[in-house]
Each structure stands twice: as structure tokens, then as C-alpha cells.
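Q: You'll find work_18.cif just under this line, and it carries mmCIF, C-alpha atoms and all ligand atoms.
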data_upload
loop_
_atom_site.label_atom_id
_atom_site.label_comp_id
_atom_site.auth_asym_id
_atom_site.auth_seq_id
_atom_site.Cartn_x
_atom_site.Cartn_y
_atom_site.Cartn_z
CA MET A 26 0.00 0.00 0.00
CA LEU A 27 1.43 3.39 -1.03
CA VAL A 28 0.48 6.14 1.44
CA LEU A 29 0.92 9.88 1.06
CA GLY A 30 1.49 11.48 4.49
CA LEU A 31 0.78 15.15 5.24
CA GLU A 32 1.91 16.92 8.43
CA THR A 33 0.78 20.49 9.21
CA SER A 34 0.17 20.57 12.98
CA CYS A 35 2.50 23.47 13.75
CA ASP A 36 5.30 25.27 11.91
CA GLU A 37 6.54 22.57 9.54
CA THR A 38 4.91 21.38 6.34
CA GLY A 39 5.93 17.73 6.00
CA VAL A 40 5.05 15.44 3.11
CA ALA A 41 6.16 11.84 2.52
CA LEU A 42 5.44 8.71 0.55
CA TYR A 43 5.61 5.43 2.48
CA ASP A 44 5.06 2.05 0.91
CA SER A 45 4.17 -0.92 3.11
CA GLU A 46 6.38 -3.21 0.97
CA ARG A 47 9.23 -0.92 -0.06
CA GLY A 48 9.46 1.39 2.98
CA LEU A 49 9.95 5.14 2.86
CA LEU A 50 10.22 6.31 -0.74
CA ALA A 51 10.50 10.08 -0.30
CA ASP A 52 10.02 12.82 2.23
CA ALA A 53 10.15 16.59 1.98
CA LEU A 54 9.87 19.32 4.56
CA PHE A 55 9.47 23.06 4.63
CA SER A 56 10.30 24.58 7.99
CA GLN A 57 8.74 27.96 8.80
CA ILE A 58 11.31 28.75 11.51
CA ASP A 59 12.62 31.83 9.66
CA LEU A 60 9.06 33.13 9.31
CA HIS A 61 8.35 32.94 13.07
CA ARG A 62 11.82 33.72 14.44
CA VAL A 63 11.26 37.50 14.48
CA TYR A 64 8.22 36.97 16.75
CA GLY A 65 10.12 34.64 19.12
CA GLY A 66 7.53 31.87 18.65
CA VAL A 67 4.94 30.42 16.28
CA VAL A 68 2.24 32.83 15.00
CA PRO A 69 -0.69 30.47 14.22
CA GLU A 70 -2.28 32.53 11.41
CA LEU A 71 1.05 32.90 9.60
CA ALA A 72 1.65 29.17 10.00
CA SER A 73 -1.69 28.27 8.38
CA ARG A 74 -1.17 30.60 5.43
CA ASP A 75 2.28 29.22 4.78
CA HIS A 76 1.09 25.60 4.86
CA VAL A 77 -1.35 26.53 2.07
CA LYS A 78 1.54 27.82 -0.04
CA ARG A 79 3.87 24.86 0.53
CA MET A 80 1.59 21.85 0.42
CA LEU A 81 1.08 21.18 -3.30
CA PRO A 82 4.68 21.92 -4.38
CA LEU A 83 5.91 19.51 -1.68
CA ILE A 84 3.48 16.81 -2.85
CA ARG A 85 4.79 17.25 -6.42
CA GLU A 86 8.35 17.06 -5.09
CA VAL A 87 7.88 13.72 -3.28
CA LEU A 88 6.10 12.21 -6.29
CA GLU A 89 9.03 13.21 -8.46
CA THR A 90 11.67 11.94 -6.00
CA ALA A 91 9.89 8.59 -5.68
CA ALA A 92 9.25 8.44 -9.44
CA CYS A 93 5.56 7.84 -8.72
CA LYS A 94 2.38 9.15 -10.29
CA ALA A 95 -0.57 10.49 -8.33
CA SER A 96 -2.54 7.47 -9.56
CA ASP A 97 -0.06 5.13 -7.76
CA ILE A 98 -1.14 6.48 -4.34
CA ASP A 99 -3.50 4.12 -2.48
CA ALA A 100 -4.43 6.31 0.50
CA ILE A 101 -3.70 9.62 2.24
CA ALA A 102 -2.79 10.04 5.92
CA TYR A 103 -2.85 13.50 7.46
CA THR A 104 -2.30 14.90 10.95
CA ALA A 105 -5.74 15.49 12.50
CA GLY A 106 -4.45 16.68 15.90
CA PRO A 107 -3.33 17.64 18.43
CA GLY A 108 -1.97 20.98 17.19
CA LEU A 109 -2.93 24.42 15.93
CA VAL A 110 -6.46 24.18 14.51
CA GLY A 111 -5.91 26.48 11.52
CA ALA A 112 -2.70 24.71 10.56
CA LEU A 113 -4.28 21.27 10.98
CA LEU A 114 -7.23 22.30 8.81
CA VAL A 115 -4.91 23.03 5.88
CA GLY A 116 -3.56 19.46 5.88
CA ALA A 117 -6.98 17.93 6.56
CA SER A 118 -8.78 19.80 3.79
CA CYS A 119 -5.99 19.15 1.31
CA ALA A 120 -6.00 15.42 2.18
CA GLN A 121 -9.78 15.12 1.97
CA ALA A 122 -9.96 17.05 -1.33
CA LEU A 123 -7.26 14.90 -2.96
CA ALA A 124 -8.80 11.70 -1.59
CA LEU A 125 -12.15 12.68 -3.08
CA ALA A 126 -10.61 13.65 -6.41
CA TRP A 127 -8.50 10.49 -6.63
CA GLY A 128 -11.18 8.17 -5.23
CA ILE A 129 -8.99 6.81 -2.42
CA PRO A 130 -9.39 6.67 1.40
CA ALA A 131 -8.07 9.29 3.81
CA LEU A 132 -7.24 8.85 7.49
CA GLY A 133 -6.59 11.42 10.22
CA VAL A 134 -3.50 10.50 12.25
CA HIS A 135 -2.64 11.45 15.83
CA HIS A 136 0.48 13.62 15.76
CA MET A 137 1.99 12.07 18.91
CA GLU A 138 1.35 8.53 17.64
CA GLY A 139 3.29 9.62 14.56
CA HIS A 140 6.21 10.73 16.76
CA LEU A 141 5.96 7.57 18.86
CA LEU A 142 6.20 5.30 15.80
CA ALA A 143 8.91 7.30 13.98
CA PRO A 144 11.73 5.06 15.35
CA MET A 145 10.03 2.18 13.45
CA LEU A 146 11.40 3.78 10.26
CA GLU A 147 14.99 3.09 11.39
CA GLU A 148 17.14 0.05 10.65
CA THR A 149 16.68 -1.54 14.10
CA PRO A 150 13.11 -0.78 15.08
CA PRO A 151 11.98 -1.34 18.70
CA GLN A 152 9.79 -4.35 19.50
CA PHE A 153 6.60 -4.07 21.58
CA PRO A 154 6.18 -3.78 24.51
CA PHE A 155 8.28 -0.78 25.53
CA VAL A 156 8.14 2.41 27.55
CA ALA A 157 8.01 5.59 25.47
CA LEU A 158 9.15 9.03 26.54
CA LEU A 159 7.38 11.55 24.30
CA VAL A 160 9.12 14.91 24.52
CA SER A 161 8.01 17.59 22.08
CA GLY A 162 7.12 21.26 22.13
CA GLY A 163 3.60 20.50 23.35
CA HIS A 164 3.89 17.20 25.24
CA THR A 165 5.98 15.44 27.87
CA GLN A 166 4.56 11.99 28.54
CA LEU A 167 5.70 8.57 29.71
CA VAL A 168 3.61 5.86 28.08
CA ARG A 169 3.56 2.08 28.31
CA VAL A 170 3.18 0.83 24.73
CA ASP A 171 1.95 -2.72 24.14
CA GLY A 172 1.17 -2.28 20.46
CA ILE A 173 -0.22 0.30 18.05
CA GLY A 174 -3.14 1.97 19.84
CA ARG A 175 -2.43 0.11 23.08
CA TYR A 176 -1.21 2.98 25.21
CA GLN A 177 -1.22 3.46 28.96
CA LEU A 178 -0.28 6.91 30.21
CA LEU A 179 2.17 6.54 33.11
CA GLY A 180 2.98 10.19 33.74
CA GLU A 181 3.03 13.62 32.13
CA SER A 182 4.02 17.22 32.65
CA LEU A 183 1.77 19.20 34.95
CA ASP A 184 2.84 22.48 33.32
CA ASP A 185 5.36 23.20 30.53
CA ALA A 186 6.35 20.45 28.12
CA ALA A 187 10.10 19.73 27.95
CA GLY A 188 10.46 21.39 24.53
CA GLU A 189 8.41 24.35 25.70
CA ALA A 190 10.73 24.68 28.73
CA PHE A 191 13.75 24.71 26.37
CA ASP A 192 12.08 27.33 24.15
CA LYS A 193 10.90 29.62 26.97
CA THR A 194 14.18 29.37 28.91
CA ALA A 195 16.18 30.14 25.78
CA LYS A 196 14.10 33.27 25.24
CA LEU A 197 14.61 34.36 28.87
CA ILE A 198 18.40 34.13 28.55
CA GLY A 199 18.40 35.97 25.23
CA LEU A 200 18.63 33.09 22.75
CA GLY A 201 16.71 32.60 19.50
CA TYR A 202 13.81 30.35 18.52
CA PRO A 203 13.51 27.37 18.65
CA GLY A 204 15.36 27.25 21.94
CA GLY A 205 16.12 23.53 22.19
CA PRO A 206 18.87 23.38 19.56
CA GLU A 207 20.19 26.80 20.74
CA ILE A 208 20.56 25.68 24.36
CA ALA A 209 22.10 22.37 23.24
CA ARG A 210 24.65 24.28 21.13
CA LEU A 211 25.66 26.66 23.95
CA ALA A 212 25.75 23.84 26.50
CA LEU A 213 28.62 22.27 24.55
CA SER A 214 30.86 25.17 25.70
CA GLY A 215 29.47 25.30 29.25
CA ALA A 216 31.62 24.59 32.32
CA PRO A 217 30.16 21.61 34.20
CA GLY A 218 29.51 22.22 37.88
CA ARG A 219 29.57 26.02 37.86
CA PHE A 220 25.79 26.06 38.37
CA VAL A 221 23.63 23.19 39.59
CA PHE A 222 19.86 23.56 39.08
CA PRO A 223 17.08 21.58 40.80
CA ARG A 224 15.73 18.30 39.37
CA PRO A 225 11.98 19.03 39.75
CA MET A 226 9.70 16.38 41.31
CA THR A 227 12.40 13.72 41.52
CA ASP A 228 12.39 13.69 45.34
CA ARG A 229 8.85 12.31 45.51
CA PRO A 230 7.31 9.17 44.01
CA GLY A 231 5.41 9.22 40.74
CA LEU A 232 6.07 9.75 37.06
CA ASP A 233 4.73 13.26 36.50
CA PHE A 234 6.93 16.21 35.53
CA SER A 235 7.01 19.95 36.16
CA PHE A 236 9.39 22.23 34.29
CA SER A 237 8.01 25.68 34.89
CA GLY A 238 9.88 26.25 38.21
CA LEU A 239 13.15 25.24 36.57
CA LYS A 240 12.59 27.89 33.92
CA THR A 241 12.17 30.56 36.63
CA PHE A 242 15.22 29.25 38.53
CA THR A 243 17.28 29.57 35.35
CA LEU A 244 16.06 33.12 34.74
CA ASN A 245 16.86 34.14 38.33
CA THR A 246 20.39 32.74 38.05
CA TRP A 247 20.96 34.57 34.76
CA GLN A 248 19.60 37.83 36.19
CA GLN A 249 21.77 37.55 39.32
CA CYS A 250 24.85 37.11 37.13
CA ARG A 251 23.90 40.13 35.03
CA ALA A 252 23.19 42.25 38.13
CA ALA A 253 26.71 41.37 39.29
CA GLY A 254 28.03 42.67 35.95
CA ASP A 255 28.62 39.25 34.38
CA ASP A 256 26.68 38.78 31.15
CA SER A 257 29.54 37.11 29.29
CA GLU A 258 28.96 34.50 26.61
CA GLN A 259 30.72 31.96 28.84
CA THR A 260 28.22 32.55 31.64
CA ARG A 261 25.32 32.13 29.21
CA CYS A 262 26.86 28.81 28.11
CA ASP A 263 27.29 27.73 31.76
CA VAL A 264 23.63 28.57 32.50
CA ALA A 265 22.49 26.73 29.34
CA LEU A 266 24.47 23.65 30.37
CA ALA A 267 23.09 23.67 33.93
CA PHE A 268 19.53 23.93 32.56
CA GLN A 269 20.03 21.15 30.02
CA GLN A 270 21.64 18.88 32.63
CA ALA A 271 18.70 19.44 34.98
CA VAL A 272 16.14 18.55 32.28
CA VAL A 273 18.14 15.55 31.06
CA GLU A 274 18.71 14.15 34.55
CA THR A 275 15.06 14.67 35.51
CA LEU A 276 13.87 12.86 32.38
CA THR A 277 16.42 10.06 32.95
CA ILE A 278 15.35 9.51 36.58
CA LYS A 279 11.67 9.30 35.56
CA CYS A 280 12.41 6.93 32.66
CA GLN A 281 14.35 4.64 34.99
CA ARG A 282 11.42 4.70 37.40
CA ALA A 283 8.93 3.90 34.61
CA LEU A 284 11.04 0.94 33.45
CA LYS A 285 11.27 -0.38 36.99
CA GLN A 286 7.52 0.05 37.52
CA THR A 287 6.58 -1.75 34.29
CA GLY A 288 9.34 -4.37 34.41
CA LEU A 289 10.29 -3.48 30.83
CA ASN A 290 13.82 -2.72 29.65
CA ASN A 291 13.34 -1.11 26.27
CA LEU A 292 12.78 2.61 25.96
CA VAL A 293 11.70 4.65 22.94
CA ILE A 294 12.23 8.40 22.93
CA ALA A 295 10.38 10.51 20.39
CA GLY A 296 9.49 14.13 19.62
CA GLY A 297 11.74 17.15 19.05
CA VAL A 298 13.64 16.93 22.35
CA SER A 299 14.66 13.33 21.55
CA ALA A 300 17.11 14.90 19.08
CA ASN A 301 19.08 16.16 22.09
CA LEU A 302 22.41 14.35 22.21
CA ALA A 303 22.95 14.81 25.97
CA LEU A 304 19.55 13.17 26.59
CA ARG A 305 20.34 10.26 24.27
CA GLN A 306 23.69 9.71 25.99
CA ALA A 307 22.30 9.88 29.53
CA LEU A 308 19.53 7.40 28.70
CA ALA A 309 21.92 5.00 26.96
CA THR A 310 24.20 5.05 30.02
CA MET A 311 21.26 4.45 32.37
CA LEU A 312 19.87 1.61 30.21
CA ALA A 313 23.22 -0.15 29.88
CA LYS A 314 22.97 -0.86 33.61
CA PHE A 315 19.63 -2.67 33.03
CA ASN A 316 20.64 -4.57 29.89
CA GLY A 317 18.15 -2.42 28.11
CA GLN A 318 18.27 -0.33 24.97
CA VAL A 319 17.14 3.11 23.93
CA PHE A 320 15.58 3.61 20.49
CA TYR A 321 15.11 6.89 18.64
CA ALA A 322 14.59 8.21 15.15
CA ARG A 323 17.21 10.01 13.03
CA PRO A 324 17.28 13.74 14.01
CA ALA A 325 15.12 14.82 11.03
CA PHE A 326 12.38 12.41 12.15
CA CYS A 327 12.54 13.48 15.83
CA THR A 328 11.08 16.87 14.97
CA ASP A 329 7.90 17.20 12.90
CA ASN A 330 7.93 15.43 9.53
CA GLY A 331 5.61 13.80 7.00
CA ALA A 332 7.30 10.37 7.13
CA MET A 333 6.01 9.56 10.62
CA ILE A 334 2.45 10.45 9.58
CA ALA A 335 2.67 8.35 6.40
CA TYR A 336 4.05 5.41 8.45
CA ALA A 337 1.51 5.61 11.31
CA GLY A 338 -1.34 6.15 8.84
CA CYS A 339 -0.24 3.20 6.73
CA GLN A 340 -0.39 0.81 9.72
CA ARG A 341 -3.94 1.89 10.53
CA LEU A 342 -5.10 1.98 6.89
CA LEU A 343 -3.76 -1.56 6.39
CA ALA A 344 -5.93 -2.60 9.34
CA GLY A 345 -8.95 -1.20 7.50
CA GLN A 346 -9.39 2.14 9.24
CA GLN A 347 -10.44 5.19 7.24
CA ASP A 348 -12.33 8.44 7.79
CA GLY A 349 -15.53 9.73 6.27
CA PRO A 350 -15.30 12.81 4.04
CA ALA A 351 -15.78 15.34 6.88
CA ILE A 352 -12.90 17.74 7.54
CA GLU A 353 -12.37 17.37 11.27
CA VAL A 354 -9.35 18.21 13.41
CA GLN A 355 -8.72 18.34 17.15
CA ALA A 356 -6.56 20.84 19.05
CA ARG A 357 -6.52 18.47 22.04
CA TRP A 358 -6.70 14.73 21.68
CA PRO A 359 -5.54 12.27 24.36
CA MET A 360 -3.56 9.47 22.68
CA GLU A 361 -5.17 6.81 24.90
CA GLN A 362 -8.45 7.46 23.05
CA LEU A 363 -7.06 5.87 19.89
CA PRO A 364 -8.47 2.47 19.00
CA PRO A 365 -6.06 -0.48 19.25
CA LEU A 366 -5.09 -2.31 16.09
CA ALA A 367 -6.24 -5.91 16.01
CA SER A 368 -3.04 -7.92 16.63
O1 LIG B 1 8.20 17.42 17.94
P1 LIG B 1 8.45 18.84 17.58
O2 LIG B 1 9.17 19.13 16.29
O3 LIG B 1 7.13 19.66 17.55
C1 LIG B 1 6.07 19.44 18.42
O4 LIG B 1 5.30 18.48 18.18
O5 LIG B 1 6.00 20.21 19.38
O6 LIG B 1 9.27 19.45 18.81
C2 LIG B 1 9.75 20.75 18.80
C3 LIG B 1 10.47 20.99 20.10
C4 LIG B 1 10.86 22.45 20.30
O7 LIG B 1 10.43 22.84 21.58
C5 LIG B 1 12.37 22.43 20.17
O8 LIG B 1 13.01 23.42 20.95
C6 LIG B 1 12.70 21.04 20.68
O9 LIG B 1 11.68 20.23 20.17
N1 LIG B 1 14.01 20.57 20.22
C7 LIG B 1 15.06 20.30 21.03
C8 LIG B 1 16.14 19.93 20.20
N2 LIG B 1 15.71 19.96 18.90
C9 LIG B 1 14.40 20.36 18.93
N3 LIG B 1 15.17 20.39 22.37
C10 LIG B 1 16.35 20.07 22.91
N4 LIG B 1 17.45 19.72 22.20
C11 LIG B 1 17.38 19.62 20.85
N5 LIG B 1 18.47 19.26 20.15
ZN ZN B 2 5.64 17.26 16.86
#
Please express what this file holds, its structure, as C-alpha cells.

A:
Amino acid sequence: MLVLGLETSCDETGVALYDSERGLLADALFSQIDLHRVYGGVVPELASRDHVKRMLPLIREVLETAACKASDIDAIAYTAGPGLVGALLVGASCAQALALAWGIPALGVHHMEGHLLAPMLEETPPQFPFVALLVSGGHTQLVRVDGIGRYQLLGESLDDAAGEAFDKTAKLIGLGYPGGPEIARLALSGAPGRFVFPRPMTDRPGLDFSFSGLKTFTLNTWQQCRAAGDDSEQTRCDVALAFQQAVVETLTIKCQRALKQTGLNNLVIAGGVSANLALRQALATMLAKFNGQVFYARPAFCTDNGAMIAYAGCQRLLAGQQDGPAIEVQARWPMEQLPPLAS
């Protein structure tokens, strides 16, 4: 089955062609980062308008790369939520219009299920069951995964998502958008041990997270340095490193706890923050002690992309799922509401 995948939940237009027999044939992405950078964050209306401009040229591009014709496509998968409603509607209406014109089925895919399954596109895919740490700009969740659509939420952030904490903290210490890669870059030159920030909610049981206090702690430290006349680049790097270490160690402690609680030893990390090298390293070190393994997607498939939507959609379409012709999207959509695939 050849599936066209469309992703438009936020500030990236992602398009891909995935074939159930031949694997990923092509993927193309247009990132709107430059468009939103001047505003220090995503402007929803600008995002929607840009998706409209990029969608059809990207679809033509993937067809050309894969040497396929529109008539070869068997079904269309699009992100139906969670995300920005206007942006989601662009992908949904485009998918439904093409499906109608081409006489093929369309299916709305859950964005976080797309992220969760993205490591399946790699050479050594994880086997069910596993624990997944979903860390994106909008979500921080620990999930027990027993199969596609068989999800049990173990814990989540009570306030900011991990990616959101990176983005907001970066802004507070004068860095650009998106903040995750910026902080990661500065942290490479940071002096370990100069600052040590709290590891929120690790001193009590449970698998929930809270990152908003850490953001304020980081700002206070940076402001105290500046008030003392030290706003050097080195200090900014030291603050960035201390923040990143606090997030990474907090996530690692909670992952270890989730593995212990479930008795599983394989961990999948997915979403934009799973591109963070310090996080990958810390988790690999922790898992080595448990004879476990950490799985993640290539960096381009950690952040938003069309390939993960084509892949996730393909699995569900193969199982016979498809939508009616209505154009429906959801800003909020708990992943546990998804139906399980018959195994
Ligand atoms: O999954 P994603 O592309 O979009 C959402 O679904 O939200 O995640 C974007 C988030 C942003 O907050 C960005 O700062 C963060 O992922 N991010 C990173 C890194 N690369 C992207 N955070 C930490 N380190 C990175 N290397
Ligand atoms: Zn995402």
C-alpha cells in the first residue's frame, strides 16, 4: 500500500510517501522557523497561510523523487491533531480534497502517535512492549506501549512540556527560537559544575513532571549574574548547560522509574527533544545498567515530519481504518483514546 502522508500541525509542512512493501520512498519538509523567528515563537495565522503555499509543491516534489504518479497512491494520511487548529485544517482539507478527487481513502493520524512510531522507520526498530518518553514542544509523557493503539499513560508534565521549557528558557536568557537546539549548542561550551539547578519532582514518588519552576530558577540565576556585571557568553553557556543537565537528569530519573515500575527494559524516545544528544547519551548510560536499549529516530524524524504520519497512517489503513469525508481536526486529543489495532 502506497500512502501519502501530510503533516501540518505546527510550523513545519511535511510530506512523505511510504510504501508498506518498499518502505519510505520520499520525504520533503518546509520549515517555517525563519518566518516565526522575528516573533520569538509560532504565529498560528502565519503558520496556516504558509502551509497553504507549501503543500502542493511539496506533494509534487515527493512524487518526483519517488518516481511515482498520483494514480499510484493508495491512500492519504494527514495529521488530524493535536496541534494548531488552523494549521491542521490546511492538511486535513488538502488530504480530503485529494482523496475525493482520486477516489482513495483518507485517514486522520494522531500527531503524537506519529512521533511515537517514527523510530520504526529506522534500521533496528523497537519491538513491543516498551516504555516511550514523548518529549516535544507540546507534550511530555511517559507511556507504556503494548502495540499500536495500546497505550497506557504513566505520567506527564503538569505544566510546561520539555520542549516548551527549552524554548521559553532560551528566550529568557536571550537566545533565539527554537530554543532547544540553541541551548544544546551553547551547552557544549558550558563549564560543568559552575551552576547546579534543581531536578523538579524527583524527590517524591510518581512519574509526572514539572518544568516551569526550573525555567524561573534559570532566569533568576541569569539575572543575578547580570546584576553582578557578568553577562559574558561563557556565563550564558554555563547557564544553558546547567539547565540542560537538569532537564536531562530529571527525564532520565523518571524513565528509569517507569522501566522499573513496568518491568520493561526497552525505551523509545520521540518528539523534538529526543534529538538532544545529551539526553540520548544519559539514557543510553542508564539503560546499559539494566541490559536495556534506547531507540530513537534520526534527528530529522525526531522533529515534525511527514514520514512519521505516512508510516503511522499506513499501519492503521492496512488494518482497515479510514475516515468519512468530513474535515475534522482536534486541538486536544488524548492518545489513549485511539483504537487499538487488532493484533
Ligand atoms: O516534535 P516537535 O518538532 O514539535 C512538536 O510536536 O511540538 O518538537 C519541537 C520541540 C521544540 O520545543 C524544540 O526546541 C525542541 O523540540 N528541540 C530540542 C532539540 N531539537 C528540537 N530540544 C532540545 N534539544 C534539541 N536538540
Ligand atoms: Zn511534533

Q: What are the closest atom pairs, with distances in Å to one decimal, for all residues of chain A lying within 7 Å of ligand LIG 1 (chain B)? Consider only C-alpha atoms and all ligand atoms, order rows by chain and residue number, and present the result as a tab-separated table.

A:
residue	atom	partner	partner_atom	distance
A:Ser161	CA	B:LIG1	O6	4.0
A:Gly162	CA	B:LIG1	O5	3.1
A:Gly163	CA	B:LIG1	O5	4.6
A:His164	CA	B:LIG1	O5	6.9
A:Gly188	CA	B:LIG1	O7	3.3
A:Glu189	CA	B:LIG1	O7	4.8
A:Phe191	CA	B:LIG1	O8	5.6
A:Asp192	CA	B:LIG1	O8	5.1
A:Pro203	CA	B:LIG1	O8	4.6
A:Gly204	CA	B:LIG1	O8	4.6
A:Gly205	CA	B:LIG1	N3	3.3
A:Pro206	CA	B:LIG1	N5	4.2
A:Ala209	CA	B:LIG1	N4	5.5
A:Gly296	CA	B:LIG1	O1	3.9
A:Gly297	CA	B:LIG1	O9	3.3
A:Val298	CA	B:LIG1	N3	3.8
A:Ser299	CA	B:LIG1	C11	6.9
A:Ala300	CA	B:LIG1	N5	4.7
A:Asn301	CA	B:LIG1	N5	3.7
A:Leu302	CA	B:LIG1	N5	6.6
A:Cys327	CA	B:LIG1	O1	6.2
A:Thr328	CA	B:LIG1	O2	3.2
A:Asp329	CA	B:LIG1	O2	4.1

Q: Which residue, A:Thr275, A:Gln259, A:Ser56, A:Thr33, has the smallest gap to Gly133 (chain A) when you use only C-alpha atoms?

A: A:Thr33

Q: With 12 Å as the threshold, what does the neighbourhood of (22.8, 38.8, 34.4) contain in terms of residues, counting all atoms listed in the file? Coordinates are those of the file; answer as a PyMOL selection string.

A: chain A and resi 197-199+243-261+264

Q: So how many Å separate CA of Arg305 (chain A) and CA of Gly215 (chain A), to one decimal?

A: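 These two atoms are separated by 18.3 Å.
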
Q: Hey, which of A:Tyr321, A:Phe242, A:Phe55, A:Tyr103 ends up closest to Glu148 (chain A)? Count all atoms listed in the file.

A: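 Closest to Glu148 (chain A), using all atoms listed in the file: A:Tyr321.
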
Q: Counting only C-alpha atoms, which residues come within 12 Å of (-14.7, 16.9, 8.1), with the point read in the file's coordinates, and could you list them as a ChimeraX atom specification?

A: /A:105,113-122,131-133,348-355
